[in-house]
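Structure data follow from model.txt (compact mmCIF, N, CA and C atoms):
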```
# COMPACT_ATOMS: atom_id res chain seq x y z
N MET A 1 93.91 93.88 108.33
CA MET A 1 94.77 92.93 107.70
C MET A 1 95.80 93.72 106.91
N VAL A 2 97.05 93.57 107.33
CA VAL A 2 98.15 94.30 106.69
C VAL A 2 98.90 93.35 105.76
N ASN A 3 99.06 93.77 104.52
CA ASN A 3 99.83 92.99 103.56
C ASN A 3 101.28 92.99 104.02
N SER A 4 101.84 91.82 104.26
CA SER A 4 103.20 91.70 104.81
C SER A 4 104.28 92.17 103.86
N GLN A 5 104.00 92.20 102.57
CA GLN A 5 105.01 92.64 101.60
C GLN A 5 104.98 94.15 101.38
N THR A 6 103.78 94.73 101.37
CA THR A 6 103.65 96.16 101.05
C THR A 6 103.45 97.04 102.29
N ASN A 7 103.10 96.42 103.43
CA ASN A 7 102.75 97.15 104.66
C ASN A 7 101.55 98.06 104.47
N VAL A 8 100.66 97.68 103.57
CA VAL A 8 99.44 98.44 103.32
C VAL A 8 98.26 97.68 103.93
N VAL A 9 97.37 98.42 104.58
CA VAL A 9 96.14 97.83 105.12
C VAL A 9 95.24 97.50 103.93
N ASP A 10 94.97 96.22 103.74
CA ASP A 10 94.11 95.80 102.63
C ASP A 10 92.66 95.64 103.06
N ASN A 11 92.42 95.43 104.36
CA ASN A 11 91.06 95.19 104.82
C ASN A 11 91.00 95.38 106.31
N THR A 12 89.84 95.76 106.82
CA THR A 12 89.59 95.77 108.26
C THR A 12 88.46 94.79 108.52
N ILE A 13 88.58 94.05 109.61
CA ILE A 13 87.57 93.05 109.94
C ILE A 13 87.17 93.22 111.41
N VAL A 14 86.00 92.72 111.73
CA VAL A 14 85.54 92.69 113.12
C VAL A 14 85.72 91.26 113.60
N TRP A 15 86.44 91.11 114.69
CA TRP A 15 86.72 89.78 115.24
C TRP A 15 86.31 89.78 116.70
N ASP A 16 85.71 88.70 117.16
CA ASP A 16 85.23 88.64 118.55
C ASP A 16 86.36 88.41 119.56
N GLY A 17 87.57 88.13 119.09
CA GLY A 17 88.69 87.92 119.99
C GLY A 17 88.74 86.54 120.60
N VAL A 18 87.76 85.70 120.29
CA VAL A 18 87.67 84.37 120.88
C VAL A 18 87.76 83.28 119.81
N THR A 19 86.94 83.42 118.78
CA THR A 19 86.90 82.42 117.73
C THR A 19 88.25 82.37 117.02
N PRO A 20 88.84 81.16 116.87
CA PRO A 20 90.12 81.08 116.18
C PRO A 20 90.03 81.64 114.76
N TYR A 21 91.02 82.42 114.40
CA TYR A 21 91.08 82.99 113.05
C TYR A 21 92.54 83.10 112.63
N THR A 22 92.83 82.61 111.45
CA THR A 22 94.16 82.72 110.88
C THR A 22 94.04 83.52 109.59
N PRO A 23 94.80 84.61 109.47
CA PRO A 23 94.71 85.40 108.23
C PRO A 23 95.30 84.64 107.06
N PRO A 24 94.94 85.03 105.86
CA PRO A 24 95.52 84.38 104.68
C PRO A 24 97.04 84.55 104.65
N ASP A 25 97.72 83.67 103.93
CA ASP A 25 99.17 83.80 103.77
C ASP A 25 99.51 85.19 103.24
N GLY A 26 100.56 85.77 103.78
CA GLY A 26 101.01 87.08 103.32
C GLY A 26 100.36 88.24 104.05
N TYR A 27 99.55 87.94 105.08
CA TYR A 27 98.87 89.00 105.83
C TYR A 27 99.16 88.87 107.32
N THR A 28 99.19 90.00 107.98
CA THR A 28 99.36 90.06 109.42
C THR A 28 98.16 90.79 110.00
N LEU A 29 97.66 90.30 111.12
CA LEU A 29 96.57 91.00 111.81
C LEU A 29 97.17 92.00 112.78
N VAL A 30 96.67 93.22 112.75
CA VAL A 30 97.11 94.26 113.66
C VAL A 30 95.87 94.90 114.26
N GLU A 31 95.83 94.98 115.57
CA GLU A 31 94.67 95.56 116.24
C GLU A 31 94.62 97.06 116.00
N LEU A 32 93.42 97.55 115.66
CA LEU A 32 93.24 98.98 115.45
C LEU A 32 93.25 99.71 116.79
N PRO A 33 93.72 100.95 116.82
CA PRO A 33 93.66 101.72 118.05
C PRO A 33 92.21 102.08 118.39
N ALA A 34 91.98 102.41 119.65
CA ALA A 34 90.64 102.84 120.07
C ALA A 34 90.28 104.13 119.33
N PRO A 35 89.00 104.27 118.97
CA PRO A 35 88.58 105.50 118.28
C PRO A 35 88.88 106.73 119.12
N SER A 36 89.14 107.82 118.44
CA SER A 36 89.47 109.07 119.10
C SER A 36 88.78 110.22 118.37
N GLU A 37 88.50 111.29 119.09
CA GLU A 37 87.89 112.46 118.45
C GLU A 37 88.90 113.22 117.61
N THR A 38 90.19 113.01 117.87
CA THR A 38 91.22 113.78 117.17
C THR A 38 91.95 112.99 116.10
N GLU A 39 91.85 111.67 116.13
CA GLU A 39 92.56 110.83 115.16
C GLU A 39 91.55 110.03 114.34
N PRO A 40 91.71 110.03 113.01
CA PRO A 40 90.81 109.22 112.19
C PRO A 40 91.08 107.73 112.38
N MET A 41 90.08 106.92 112.12
CA MET A 41 90.20 105.47 112.24
C MET A 41 90.95 104.94 111.03
N PRO A 42 92.05 104.21 111.24
CA PRO A 42 92.78 103.64 110.10
C PRO A 42 91.89 102.69 109.30
N GLY A 43 92.17 102.58 108.03
CA GLY A 43 91.39 101.70 107.18
C GLY A 43 92.16 101.29 105.95
N ALA A 44 91.47 100.67 105.03
CA ALA A 44 92.08 100.18 103.80
C ALA A 44 92.80 101.32 103.09
N GLY A 45 94.01 101.02 102.62
CA GLY A 45 94.81 102.01 101.91
C GLY A 45 95.86 102.68 102.78
N TRP A 46 95.68 102.60 104.10
CA TRP A 46 96.67 103.18 105.01
C TRP A 46 97.92 102.30 105.01
N SER A 47 99.03 102.87 105.43
CA SER A 47 100.26 102.11 105.61
C SER A 47 100.42 101.76 107.08
N TYR A 48 101.19 100.73 107.35
CA TYR A 48 101.52 100.34 108.72
C TYR A 48 103.04 100.29 108.79
N VAL A 49 103.63 101.31 109.44
CA VAL A 49 105.08 101.49 109.44
C VAL A 49 105.58 101.60 110.87
N ASP A 50 106.55 100.78 111.21
CA ASP A 50 107.19 100.82 112.53
C ASP A 50 106.17 100.82 113.68
N GLY A 51 105.13 99.99 113.53
CA GLY A 51 104.15 99.83 114.60
C GLY A 51 103.10 100.92 114.67
N ALA A 52 103.00 101.75 113.64
CA ALA A 52 102.01 102.83 113.64
C ALA A 52 101.29 102.88 112.29
N PHE A 53 100.01 103.24 112.33
CA PHE A 53 99.24 103.42 111.11
C PHE A 53 99.52 104.81 110.56
N VAL A 54 99.71 104.88 109.24
CA VAL A 54 100.01 106.14 108.59
C VAL A 54 99.00 106.35 107.46
N GLU A 55 98.27 107.46 107.55
CA GLU A 55 97.29 107.76 106.51
C GLU A 55 98.01 108.20 105.24
N VAL A 56 97.61 107.63 104.13
CA VAL A 56 98.18 108.01 102.85
C VAL A 56 97.33 109.14 102.29
N VAL A 57 97.93 110.29 102.15
CA VAL A 57 97.21 111.46 101.66
C VAL A 57 97.63 111.71 100.22
N VAL A 58 96.65 111.74 99.35
CA VAL A 58 96.91 111.99 97.94
C VAL A 58 96.68 113.47 97.68
N ALA A 59 97.71 114.12 97.18
CA ALA A 59 97.59 115.55 96.89
C ALA A 59 96.66 115.76 95.70
N PRO A 60 95.87 116.82 95.77
CA PRO A 60 94.99 117.10 94.62
C PRO A 60 95.85 117.50 93.42
N PRO A 61 95.33 117.29 92.22
CA PRO A 61 96.11 117.67 91.04
C PRO A 61 96.35 119.18 91.02
N GLU A 62 97.48 119.55 90.45
CA GLU A 62 97.78 120.97 90.36
C GLU A 62 96.75 121.63 89.44
N ASP A 63 96.49 122.92 89.72
CA ASP A 63 95.56 123.65 88.88
C ASP A 63 96.12 123.74 87.47
N VAL A 64 95.31 123.38 86.53
CA VAL A 64 95.69 123.44 85.11
C VAL A 64 94.78 124.45 84.46
N PRO A 65 95.35 125.39 83.72
CA PRO A 65 94.49 126.39 83.09
C PRO A 65 93.50 125.73 82.15
N ASN A 66 92.31 126.26 82.12
CA ASN A 66 91.26 125.76 81.24
C ASN A 66 91.47 126.38 79.86
N VAL A 67 92.03 125.61 78.96
CA VAL A 67 92.33 126.13 77.62
C VAL A 67 91.42 125.43 76.62
N ILE A 68 90.77 126.23 75.82
CA ILE A 68 89.89 125.68 74.79
C ILE A 68 90.57 125.92 73.44
N ALA A 69 90.79 124.82 72.73
CA ALA A 69 91.42 124.94 71.42
C ALA A 69 90.39 125.30 70.38
N ASP A 70 90.80 126.09 69.41
CA ASP A 70 89.91 126.46 68.31
C ASP A 70 89.80 125.35 67.32
```
Render the structure in this file as structure tokens.
Amino acid sequence: MVNSQTNVVDNTIVWDGVTPYTPPDGYTLVELPAPSETEPMPGAGWSYVDGAFVEVVVAPPEDVPNVIAD
């Protein structure tokens, strides 16, 4: 379920493809790609841009010296 305003995946659901389902207002359903050994499975927090899932990678914080004040 992709938030239509932010293009962020808010949730992944399992659907049988038969039972009628309408997503909540403001969401679009996008089918996930088939699993692959080389590509991670998209999930919550990913972006959906120009028809492709984009993993959001958060950089680790920069190393900060360990300073102890007297």
inquiry  = Between A:Trp46, A:Pro40, A:Asp10, A:Val57, which residue has the minimum interatomic distance to Gly26 in chain A, considering only C-alpha atoms?
reply    =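 Among the listed residues, the smallest separation from Gly26 in chain A belongs to A:Asp10.
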key: Gap from CA of Thr6 in chain A to atom N of Tyr48 in chain A - Å, one decimal   =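 Atom N of Tyr48 in chain A lies 8.2 Å from CA of Thr6 in chain A.
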key: Filtered DSSP result for chain A, state strand (DSSP E), as number ranges by chain   = A: 2-3, 27-28, 47-49, 52-54
key: atom C of Glu37 in chain A to atom C of Ser4 in chain A, distance in Å rounded to a single decimal   = 29.5 Å
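CA of Pro24 in chain A sits 20.2 Å away from CA of Pro42 in chain A.
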request  = Fewer than 4 positions away in the same chain doesn't count, so skip those; otherwise give me all residues within 6.5 Å of Asn3 in chain A, counting all atoms listed in the file, as a PyMOL selection string.
outcome  = chain A and resi 7-10+26-28
